[in-house]
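Take a look at the structure set out below.
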There are 2 protein chains.
Amino acid sequence: MSKFAIGLDFGTESGRALVVDVATGKVVGSAAHPYADGVIDKHLPGTTITLEPDTALQNPNDYIETLKRAVPEAMKQGGARAEDVIGMGVDFTACTVLPTLADGTPLCNVPQWKTNPHSWVKLWKHHAAQPEADKINEVARARDESWLPIYGGIVSSEWCHSKTLQILNDAPEVYNATDKIVEAGDWIVWQMTGVMKRNACAAGYKGLWQKESGYPNNDFLRALDPRLDRLNEIKLAGEIVAPGTRVGALTEQAAQWMSLRPGIAVAAATIDAHAAALGVGVTEPGRMVLILGTSTCHLILDHHKHLVPGISGVVEDGILPGLFGYEAGQAAVGDIFEWYVEHNLAEPYKHRAKERGISPYQLLEEEAMKLKPGESGLLALDWWNGCRTPLVDANLSGLLIGATLGTRPPDIYRALIEATAFGTQIIIETFEKNGVTVKQLVACGGLAERNKLLMQIYADVTGREFIEAGAGHTSALGAAMFGAYAAGSAAGGYDSLTESAKQMLPAQAVTHKPNLAHHATYQKLFAEYRKLHEHFGRGANNVMKRLRVIRNEM
Amino acid sequence: MSKFAIGLDFGTESGRALVVDVATGKVVGSAAHPYADGVIDKHLPGTTITLEPDTALQNPNDYIETLKRAVPEAMKQGGARAEDVIGMGVDFTACTVLPTLADGTPLCNVPQWKTNPHSWVKLWKHHAAQPEADKINEVARARDESWLPIYGGIVSSEWCHSKTLQILNDAPEVYNATDKIVEAGDWIVWQMTGVMKRNACAAGYKGLWQKESGYPNNDFLRALDPRLDRLNEIKLAGEIVAPGTRVGALTEQAAQWMSLRPGIAVAAATIDAHAAALGVGVTEPGRMVLILGTSTCHLILDHHKHLVPGISGVVEDGILPGLFGYEAGQAAVGDIFEWYVEHNLAEPYKHRAKERGISPYQLLEEEAMKLKPGESGLLALDWWNGCRTPLVDANLSGLLIGATLGTRPPDIYRALIEATAFGTQIIIETFEKNGVTVKQLVACGGLAERNKLLMQIYADVTGREFIEAGAGHTSALGAAMFGAYAAGSAAGGYDSLTESAKQMLPAQAVTHKPNLAHHATYQKLFAEYRKLHEHFGRGANNVMKRLRVIRNEM
C-alpha cells in the first residue's frame with residue numbers, strides 16, 4: 001500500500017490540505033477550507049467593535065476548523081486510509097502571530113479578552129504597527145545593533161517585534177495577560193502535538209532571531225521599552241528548531257479532529273513562501289527560487305553566512321536545516337502588471353481580448369512576444385512600490401523612459417516585464433558580489449504558470465536557465481515533504497530532505513533556456529537600467545523622494 | 001457703409017476666405033474650399049505615377065480654385081458688396097514651395113513636366129528631402145556658416161533649400177527648366193497682383209534668409225553642389241518685403257475670379273502660424289504667442305537681434321515690419337495628449353465618457369482638474385517627439401517618473417500637460433537668459449479653446465497671465481488685418497499694424513491668471529523638471545539616444 005504525507009498550507013483567506021503519495025509525489029487529494037472570519041479588518045466578529053485603519057486580524061479557531069474540514073475531505077478525495085498517513089507538515093503565512101496563555105489557549109478565546117482586538121491573531125498584512133517599527137529602527141540604528149544589517153537595515157511593521165510592541169503600547173493589559181507570543185504556524189503544530197516548539201524560519205525572518213546570538217538582547221529590549229524586559233525569557237521562550245524537524249506526534253484529540261490516527265509525526269512549521277523552496281526541489285546552494293506573485297520573493301541557500309546588502313534576511317536553518325537561507329525581494333512584480341492592465345490598458349485591447357475570449361494579459365503577452373529585445377525603445381525602473389532589495393527604500397517610484405508617439409501598450413507591457421527582470425538581475429549581482437553564487441533560477445507562483453513570456457525574458461536577461469517547477473500548491477507540497485522527512489524512513493518516509501524532495505517532486509518541470517542573442521541585447525539594456533538604478537536610487541538625484549515629499553504636502 | 005478686408009488662409013487640406021469688417025473686426029463671412037487634390041502622397045492626380053515614401057505634394061490650381069469659390073461664398077454669406085472690400089491678406093503653410101516659369105506658370109501645368117512629381121508643389125510636410133537636409137547641415141557645420149546658429153544649428157528637411165536640392169538631385173531636368181522657386185504664399189499673391197515679391201517671413205524662417213546678409217552665399221551653395229551656382233541671383237531672385245507690405249493691386253483677371261473689383265490692395269503673404277501673432281493682437285515685444293496644436297509654435301517680438309540657442313529662427317521683419325521676430329517650438333504637445341487618449345487610455349474612462357456623451361479629453365480634464373499641483377507625485381519630460389527648443393534633438397524621448405500602484409489616468413494626463421508647460425517655461429527662460437523678455441502669454445490654436453485646464457496650468461507654471469484670444473480662424477483674421485494695413489487709411493484701412501490689430505481684434509479674450517500657491521508648488525516641480533532636462537538632454541546620461549540606437553539595430 002502507498003504511504004501518504006499531508007501538507008497543510010495556511011494562507012490569507014483559507015487553509016488547504018494536500019494528501020501526497022510519499023513514494024511518487026502524486027497529489028491524491030487536495031481540499032481548501034475558506035476561513036469563516038477571513039481577514040478581519042472592519043469589526044471584531046459578531047460585535048460592533050470597529051478596528052483601527054491598517055488592522056488585519058484572524059481568528060485562530062478558523063485554523064482548527066481547517067484541520068477538521070480540509071483534511072478529511074482531502075483524504076476522502078484521494079481514497080487514502082488513515083493508517084497510511086505517516087507524517088504531516090505545516091506552512092503558514094508569517095509573521096502571523098497571537099498571544100496565548102501558557103497552555104496555548106488564544107487570548108481571544110478567553111472571555112475577558114475577546115473584545116479587545118489585541119487579543120486576536122495579527123495577520124502578516126496587519127500594518128498598524130508602523131509607529132512601533134519606526135521606533136524599533138530608530139533605537140536599533142542608534143545602538144548600532146549587529147543584527148540590523150542582517151535584515152537589510154530595516155525592520156518591517158509586519159514583523160513580530162513591531163506587532164508585539166503594538167500590543168504593549170495599545171493594550172498593556174493584554175500584553176500583561178499574555179504568557180506566550182507565538183507564530184500561528186507554531187501554534188497550530190502545538191495544537192496538533194501538544195508540544196510548543198518554534199520554527200527557525202519564522203523566528204529568523206520575522207522575529208530577528210539568529211542561531212548564534214538568539215533574539216535581540218534584553219538591553220535592546222529595555223532601551224526600546226523598559227516593559228519589554230525579559231521578553232525573550234518569558235513570552236518568546238521556547239526551543240527553536242529548523243523547519244521539518246519532528247516536533248512531536250499527533251495527539252488523540254487532534255487525530256479525532258481530522259479522522260486520522262494519533263502518533264503521526266508532525267514537522268515544525270515553516271513560512272509558506274519558504275516552504276516553496278523545498279516544494280520545487282531546491283535543497284542545495286546555487287539555485288535561486290523565485291516566488292513570483294504580486295511581489296517576488298527570492299530564496300537561495302548557501303553553506304556560509306555572508307552579509308548581503310538590502311536582503312530581507314539571512315537565517316541559519318531558516319529554509320532548510322544545516323544551511324544558511326537567504327531571502328531577498330522585489331516589492332512589486334505582478335502588482336505592476338495588474339496595475340497596468342486594470343487601470344491603464346487602452347480600450348481596444350480590452351475589447352479585442354473580450355472578442356477572442358482570452359484575458360487581456362494573454363493578448364498583451366501574445367503581442368509583446370512579437371517584439372524583439374530593445375525594439376520598443378523603452379526602459380523602466382520597476383519601483384512602482386519602492387525597491388526592496390538592494391536599496392530598501394519605499395519612497396522610490398516607477399520610471400518609464402524612451403516613450404515616443406509610436407509607443408503602444410505591448411511595448412509598455414514588455415518594458416514592465418523586462419524592468420522586473422532587470423530588478424532580479426540586480427539582486428543576483430548583489431548576491432554574487434557578496435559571495436552567494438546563483439547558477440540557475442527556479443520559479444514558482446501563479447505568475448510563472450501563466451506568463452511564459454516573463455519566464456523567457458527572465459532567462460534572457462539573467463543569462464541563466466529558468467525552471468518552471470510546474471506543480472500547483474508548491475508550498476503545501478513542500479510542507480508534505482517536510483512531513484515525510486519528520487516521519488523518517490522507518491515509518492516509510494525519508495531521513496533527508498534531499499531524498500524527500502527528490503522522490504516527491506513532480507517530473508513535469510519546464511526549462512526556459514536563455515537565448516544568447518537576446519541576452520547580448522539585454523546586457524546593453526541592463527547596463528542602462530543599472531545606470532538609472534544607481535542615479536535615482538543612491539542619491540545622485542533624489543527626485544523620486546522629493547516628488548513624494550511634495551505630494552505629501554498637498 | 002462698412003469696409004471689409006479679406007483674409008485668405010491656405011492650409012493643408014483646404015483654403016479659407018474670411019470677410020472682416022475693418023472698423024469692428026467682426027467676421028461677416030467665412031467659407032472654406034477643400035482642395036480637390038488635397039495632399040498628394042500616393043499617385044500624381046489622374047495618373048498611375050506612384051510617389052516615393054514621405055512625399056507630400058499639392059496642386060497649385062487648388063489655390064486658384066479657393067479664390068474662385070471661397071471668396072464669393074464668404075462675401076455672399078456676409079452680404080458684403082464688392083466695392084466695400086479695401087484690402088486682402090494671405091497666410092499660407094510654409095515651406096510650401098513650387099517651381100515656376102518666369103511668368104509664374106507652375107511647372108506642373110506645363111505638359112512636358114506635369115508627369116514629373118518634382119514639378120508639383122512640395123507641401124510643408126513633404127519629408128523626402130531628409131538626405132538633402134543632412135547634406136546641408138554637414139556642409140554648413142563644416143564651413144561654420146554664420147547663419148546656422150540663427151536657426152538652432154539645424155536645417156529641416158521641410159525647408160526651402162532641402163526641397164530645392166532634392167529637385168536638383170532627383171530631377172535635374174526639372175531644376176534646369178525652373179525659372180523661379182517660389183513659396184506658394186508668394187505665388188498666390190503673384191497670381192492676384194501680377195507682381196512677384198517674396199515675404200520675409202517664409203524667406204526668413206524657411207529659406208535661411210536674413211535681412212542683413214541675404215540667403216546663404218554662393219560659396220556655400222557651390223560647396224553644397226556646384227550646380228546650385230547663382231541660385232540666389234536666378235531662381236530665388238525677387239524683392240523680399242515684410243509681411244503686410246502692399247505688393248500690388250488686384251488684377252482684372254483675379255478680380256473676375258473672385259467677383260471682386262480690380263485695384264484692391266493685396267498684402268505680402270506670411271506663414272499661417274506667424275499670421276496668428278497679429279491675429280491675436282500681438283504687435284509689440286514682451287507678449288509671447290503660443291500656437292497650441294499638435295505641436296506648439298512660440299512667437300515673440302523684440303527690438304533687437306539676440307542669439308537664442310535652439311530656437312527655430314530669428315528674422316528681422318519676419319513677423320511684423322520693423323521688429324525681430326523669434327520662433328521657438330515644442331515638437332509635440334497636442335500630439336502627446338492624443339497619443340495618450342487614443343492609444344493608452346484605459347477602457348473605463350472611454351466607457352464613462354461615452355455614457356456621459358462627452359469626449360474622453362473632457363472627462364480627463366474634469367478629473368485632472370480635481371488634482372492639486374504635485375498631488376499625483378508624477379513628473380514627465382515632454383519629449384515624445386524629441387525636443388525642439390532649446391535642445392534641438394530629435395533623438396530624445398519621453399520620460400515619466402514617480403509612478404506608483406496608485407497612479408491613475410487623470411494623474412498621467414495632468415502630468416503630461418504639466419510637462420508641456422514646463423517645456424514652455426524652459427523656452428521662456430532660454431529667451432530671457434538671452435535678452436528677450438517674456439511678460440505675458442497669448443494663446444491661439446484649437447487646444448487653447450478646448451482645454452481650460454491646460455491654459456490654467458500654463459499660467460500657474462510660468463507665473464504669467466495666459467490670454468486666450470478666443471476667436472476662431474486667428475491666422476485668417478491676421479491676414480485680413482494685414483490686408484487692412486496694405487490698403488492704408490486713405491482707402492479706409494490703417495496706416496499701422498498696431499492700429500489695424502487694435503481695431504480689428506475681437507473683444508472676448510479670456511485671461512487665466514496664475515494662482516500664486518500653485519505657482520509656488522510648480523516652481524519646486526519645475527526645478528526637478530529642469531534637473532532631468534539637463535541630465536538627459538545635455539549628455540550626462542545619453543540613455544535616450546542609446547535606446548534609440550539599440551532599437552534601430554533590432
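Residues are referred to by chain and number: the chain letter is A, B, ... according to the order shown in the C-alpha cells, the number counts from 1 in that chain, and ligands are numbered separately from 1 in the order shown.
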
Expected answer as a PDB file with N, CA, C and O atoms, in the first residue's frame: chain B residues within 7 Å of chain A, only C-alpha atoms:
ATOM      1  N   ILE B 336       0.942  64.567 -27.927  1.00  0.00           N
ATOM      2  CA  ILE B 336       1.168  63.707 -26.750  1.00  0.00           C
ATOM      3  C   ILE B 336      -0.165  63.358 -26.103  1.00  0.00           C
ATOM      4  O   ILE B 336      -0.416  62.212 -25.736  1.00  0.00           O
ATOM      5  N   TRP B 339      -1.876  60.914 -28.322  1.00  0.00           N
ATOM      6  CA  TRP B 339      -1.221  59.607 -28.148  1.00  0.00           C
ATOM      7  C   TRP B 339      -1.761  58.933 -26.897  1.00  0.00           C
ATOM      8  O   TRP B 339      -2.115  57.762 -26.914  1.00  0.00           O
ATOM      9  N   HIS B 343      -4.296  55.881 -27.696  1.00  0.00           N
ATOM     10  CA  HIS B 343      -3.605  54.592 -27.645  1.00  0.00           C
ATOM     11  C   HIS B 343      -3.389  54.041 -26.242  1.00  0.00           C
ATOM     12  O   HIS B 343      -3.011  52.888 -26.089  1.00  0.00           O
ATOM     13  N   ASN B 344      -3.598  54.866 -25.224  1.00  0.00           N
ATOM     14  CA  ASN B 344      -3.227  54.420 -23.887  1.00  0.00           C
ATOM     15  C   ASN B 344      -4.277  54.693 -22.818  1.00  0.00           C
ATOM     16  O   ASN B 344      -4.005  54.452 -21.646  1.00  0.00           O
ATOM     17  N   LEU B 345      -5.425  55.196 -23.204  1.00  0.00           N
ATOM     18  CA  LEU B 345      -6.399  55.497 -22.157  1.00  0.00           C
ATOM     19  C   LEU B 345      -7.201  54.241 -21.822  1.00  0.00           C
ATOM     20  O   LEU B 345      -7.732  53.574 -22.697  1.00  0.00           O
ATOM     21  N   ALA B 346      -7.274  53.982 -20.517  1.00  0.00           N
ATOM     22  CA  ALA B 346      -7.915  52.760 -20.055  1.00  0.00           C
ATOM     23  C   ALA B 346      -9.401  52.749 -20.394  1.00  0.00           C
ATOM     24  O   ALA B 346     -10.062  53.791 -20.449  1.00  0.00           O
ATOM     25  N   GLU B 347      -9.857  51.557 -20.602  1.00  0.00           N
ATOM     26  CA  GLU B 347     -11.216  51.291 -21.058  1.00  0.00           C
ATOM     27  C   GLU B 347     -12.293  51.985 -20.223  1.00  0.00           C
ATOM     28  O   GLU B 347     -13.188  52.627 -20.798  1.00  0.00           O
ATOM     29  N   LYS B 350     -12.886  55.616 -21.313  1.00  0.00           N
ATOM     30  CA  LYS B 350     -13.541  55.725 -22.613  1.00  0.00           C
ATOM     31  C   LYS B 350     -15.041  55.446 -22.451  1.00  0.00           C
ATOM     32  O   LYS B 350     -15.889  56.118 -23.013  1.00  0.00           O
ATOM     33  N   LYS B 372      -4.495  68.630  -7.233  1.00  0.00           N
ATOM     34  CA  LYS B 372      -3.663  69.801  -6.969  1.00  0.00           C
ATOM     35  C   LYS B 372      -2.297  69.608  -7.625  1.00  0.00           C
ATOM     36  O   LYS B 372      -1.876  68.474  -7.840  1.00  0.00           O
ATOM     37  N   GLY B 374       1.304  68.709  -7.993  1.00  0.00           N
ATOM     38  CA  GLY B 374       2.165  67.849  -7.179  1.00  0.00           C
ATOM     39  C   GLY B 374       1.462  66.675  -6.551  1.00  0.00           C
ATOM     40  O   GLY B 374       2.110  65.748  -6.067  1.00  0.00           O
ATOM     41  N   GLU B 375       0.145  66.690  -6.568  1.00  0.00           N
ATOM     42  CA  GLU B 375      -0.599  65.646  -5.852  1.00  0.00           C
ATOM     43  C   GLU B 375      -0.417  64.261  -6.480  1.00  0.00           C
ATOM     44  O   GLU B 375      -0.466  63.245  -5.783  1.00  0.00           O
ATOM     45  N   SER B 376      -0.223  64.236  -7.786  1.00  0.00           N
ATOM     46  CA  SER B 376      -0.067  62.944  -8.455  1.00  0.00           C
ATOM     47  C   SER B 376       1.280  62.303  -8.138  1.00  0.00           C
ATOM     48  O   SER B 376       1.448  61.099  -8.313  1.00  0.00           O
ATOM     49  N   GLY B 377       2.248  63.110  -7.704  1.00  0.00           N
ATOM     50  CA  GLY B 377       3.591  62.577  -7.489  1.00  0.00           C
ATOM     51  C   GLY B 377       4.343  62.279  -8.772  1.00  0.00           C
ATOM     52  O   GLY B 377       5.435  61.718  -8.736  1.00  0.00           O
ATOM     53  N   TRP B 384       8.199  63.266 -26.266  1.00  0.00           N
ATOM     54  CA  TRP B 384       7.629  62.153 -27.034  1.00  0.00           C
ATOM     55  C   TRP B 384       8.006  62.235 -28.538  1.00  0.00           C
ATOM     56  O   TRP B 384       8.009  61.233 -29.221  1.00  0.00           O
ATOM     57  N   ASN B 385       8.273  63.443 -29.006  1.00  0.00           N
ATOM     58  CA  ASN B 385       8.710  63.621 -30.399  1.00  0.00           C
ATOM     59  C   ASN B 385      10.037  64.361 -30.426  1.00  0.00           C
ATOM     60  O   ASN B 385      10.318  65.137 -31.332  1.00  0.00           O
ATOM     61  N   SER B 397      13.579  61.339 -25.943  1.00  0.00           N
ATOM     62  CA  SER B 397      12.288  60.650 -25.882  1.00  0.00           C
ATOM     63  C   SER B 397      11.588  60.949 -24.563  1.00  0.00           C
ATOM     64  O   SER B 397      12.164  61.558 -23.664  1.00  0.00           O
ATOM     65  N   GLY B 398      10.350  60.516 -24.471  1.00  0.00           N
ATOM     66  CA  GLY B 398       9.521  60.839 -23.318  1.00  0.00           C
ATOM     67  C   GLY B 398       9.917  60.072 -22.069  1.00  0.00           C
ATOM     68  O   GLY B 398      10.396  58.942 -22.147  1.00  0.00           O
ATOM     69  N   LEU B 399       9.716  60.708 -20.929  1.00  0.00           N
ATOM     70  CA  LEU B 399      10.037  60.095 -19.641  1.00  0.00           C
ATOM     71  C   LEU B 399       8.909  60.389 -18.658  1.00  0.00           C
ATOM     72  O   LEU B 399       8.393  61.497 -18.607  1.00  0.00           O
ATOM     73  N   LEU B 400       8.560  59.378 -17.899  1.00  0.00           N
ATOM     74  CA  LEU B 400       7.580  59.545 -16.816  1.00  0.00           C
ATOM     75  C   LEU B 400       8.204  58.980 -15.554  1.00  0.00           C
ATOM     76  O   LEU B 400       8.704  57.855 -15.557  1.00  0.00           O
ATOM     77  N   ILE B 401       8.184  59.780 -14.492  1.00  0.00           N
ATOM     78  CA  ILE B 401       8.813  59.344 -13.250  1.00  0.00           C
ATOM     79  C   ILE B 401       7.829  59.558 -12.100  1.00  0.00           C
ATOM     80  O   ILE B 401       6.996  60.466 -12.156  1.00  0.00           O
ATOM     81  N   GLY B 402       7.894  58.707 -11.088  1.00  0.00           N
ATOM     82  CA  GLY B 402       7.034  58.891  -9.921  1.00  0.00           C
ATOM     83  C   GLY B 402       5.830  57.961  -9.892  1.00  0.00           C
ATOM     84  O   GLY B 402       4.962  58.112  -9.037  1.00  0.00           O
ATOM     85  N   ALA B 403       5.765  56.997 -10.818  1.00  0.00           N
ATOM     86  CA  ALA B 403       4.596  56.113 -10.875  1.00  0.00           C
ATOM     87  C   ALA B 403       4.551  55.187  -9.668  1.00  0.00           C
ATOM     88  O   ALA B 403       5.573  54.698  -9.197  1.00  0.00           O
ATOM     89  N   THR B 404       3.349  54.988  -9.160  1.00  0.00           N
ATOM     90  CA  THR B 404       3.129  54.021  -8.087  1.00  0.00           C
ATOM     91  C   THR B 404       1.925  53.164  -8.470  1.00  0.00           C
ATOM     92  O   THR B 404       1.268  53.429  -9.471  1.00  0.00           O
ATOM     93  N   LEU B 405       1.625  52.192  -7.623  1.00  0.00           N
ATOM     94  CA  LEU B 405       0.458  51.342  -7.896  1.00  0.00           C
ATOM     95  C   LEU B 405      -0.831  52.144  -7.793  1.00  0.00           C
ATOM     96  O   LEU B 405      -1.870  51.717  -8.266  1.00  0.00           O
ATOM     97  N   ARG B 408      -3.206  56.817 -11.513  1.00  0.00           N
ATOM     98  CA  ARG B 408      -4.379  56.590 -12.352  1.00  0.00           C
ATOM     99  C   ARG B 408      -4.325  57.512 -13.577  1.00  0.00           C
ATOM    100  O   ARG B 408      -3.588  58.505 -13.570  1.00  0.00           O
ATOM    101  N   PRO B 409      -5.128  57.209 -14.606  1.00  0.00           N
ATOM    102  CA  PRO B 409      -5.059  58.014 -15.832  1.00  0.00           C
ATOM    103  C   PRO B 409      -5.141  59.536 -15.641  1.00  0.00           C
ATOM    104  O   PRO B 409      -4.355  60.246 -16.283  1.00  0.00           O
ATOM    105  N   GLU B 528      12.756  70.289 -10.484  1.00  0.00           N
ATOM    106  CA  GLU B 528      13.014  68.872 -10.754  1.00  0.00           C
ATOM    107  C   GLU B 528      13.017  68.596 -12.255  1.00  0.00           C
ATOM    108  O   GLU B 528      13.825  67.824 -12.762  1.00  0.00           O
ATOM    109  N   VAL B 543      21.158  58.019 -22.270  1.00  0.00           N
ATOM    110  CA  VAL B 543      20.404  56.759 -22.370  1.00  0.00           C
ATOM    111  C   VAL B 543      19.339  56.813 -23.460  1.00  0.00           C
ATOM    112  O   VAL B 543      19.116  55.839 -24.177  1.00  0.00           O
ATOM    113  N   MET B 544      18.685  57.964 -23.618  1.00  0.00           N
ATOM    114  CA  MET B 544      17.622  58.040 -24.627  1.00  0.00           C
ATOM    115  C   MET B 544      18.175  57.775 -26.029  1.00  0.00           C
ATOM    116  O   MET B 544      17.553  57.080 -26.824  1.00  0.00           O
ATOM    117  N   LEU B 547      19.150  54.068 -26.307  1.00  0.00           N
ATOM    118  CA  LEU B 547      17.958  53.223 -26.515  1.00  0.00           C
ATOM    119  C   LEU B 547      17.516  53.299 -27.974  1.00  0.00           C
ATOM    120  O   LEU B 547      17.083  52.312 -28.551  1.00  0.00           O
ATOM    121  N   ARG B 548      17.644  54.479 -28.547  1.00  0.00           N
ATOM    122  CA  ARG B 548      17.280  54.655 -29.961  1.00  0.00           C
ATOM    123  C   ARG B 548      18.216  53.830 -30.859  1.00  0.00           C
ATOM    124  O   ARG B 548      17.768  53.174 -31.803  1.00  0.00           O
ATOM    125  N   ILE B 550      19.915  51.128 -29.978  1.00  0.00           N
ATOM    126  CA  ILE B 550      19.602  49.703 -29.786  1.00  0.00           C
ATOM    127  C   ILE B 550      18.335  49.349 -30.554  1.00  0.00           C
ATOM    128  O   ILE B 550      18.260  48.331 -31.232  1.00  0.00           O
ATOM    129  N   ARG B 551      17.339  50.215 -30.466  1.00  0.00           N
ATOM    130  CA  ARG B 551      16.082  49.977 -31.192  1.00  0.00           C
ATOM    131  C   ARG B 551      16.349  49.872 -32.692  1.00  0.00           C
ATOM    132  O   ARG B 551      15.821  48.981 -33.365  1.00  0.00           O
ATOM    133  N   MET B 554      17.643  46.651 -34.021  1.00  0.00           N
ATOM    134  CA  MET B 554      16.727  45.487 -33.988  1.00  0.00           C
ATOM    135  C   MET B 554      16.005  45.325 -35.322  1.00  0.00           C
ATOM    136  O   MET B 554      15.649  46.227 -35.978  1.00  0.00           O
TER     137      MET B 554
END

- Just list the residues in segment 83-213 of chain A DSSP gives strand (DSSP E or B) on the backbone, as a list in words.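 DSSP-assigned strand (DSSP E or B) residues in segment 83-213 of chain A: Val85, Ile86, Gly87, Met88, Gly89, Val90, Asp91, Phe92, Val97, Leu98, Pro99, Thr100, Pro106, Val121, Lys122, Lys180, Ile181, Val182, Glu183, Arg198, Asn199 and Gln210 of chain A.
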
- Message: When you look at Glu183 of chain A with a cut-off of 10 Å (counting only C-alpha atoms), what residues show up, excluding the ones that are within fewer than 4 positions of it in the same chain? I need them as a ChimeraX atom specification.
- Response: /A:92-99,121-123,160,187-188,198-199,202-203,206-207,236,269-271

- Message: Just checking: using only C-alpha atoms, which residue out of B:Leu101, B:Ala80, B:Leu18, B:Ala5 ends up closest to Val266 of chain B?
- Response: B:Ala5

- Message: Just want the 12 Å neighbourhood of His303 of chain B, counted on only C-alpha atoms, with same-chain residues fewer than 4 positions away dropped. Output as JSON, numbers by chain.
- Response: {"B": [283, 284, 285, 286, 314, 315, 316, 317, 320, 321, 322, 323, 324, 325, 326, 435, 436, 437]}

- Return the single residue from B:Ala491, B:Ala200, B:Val19, B:Ala56 that is closest to Ala74 of chain B, with distances computed using only C-alpha atoms. B:Val19

- Query: For Lys26 of chain B, which residue among B:Lys3, B:Leu44, B:Ile264, B:Pro111 is the nearest when counting only C-alpha atoms?
  - Reply: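 Once distances to Lys26 of chain B are computed over only C-alpha atoms, the minimum belongs to B:Lys3.
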
- Message: What parts of segment 194-309 of chain B does DSSP call alpha helix (DSSP H)? I'd like the answer as number ranges by chain.
- Response: B: 200-206, 218-224, 252-258, 272-279
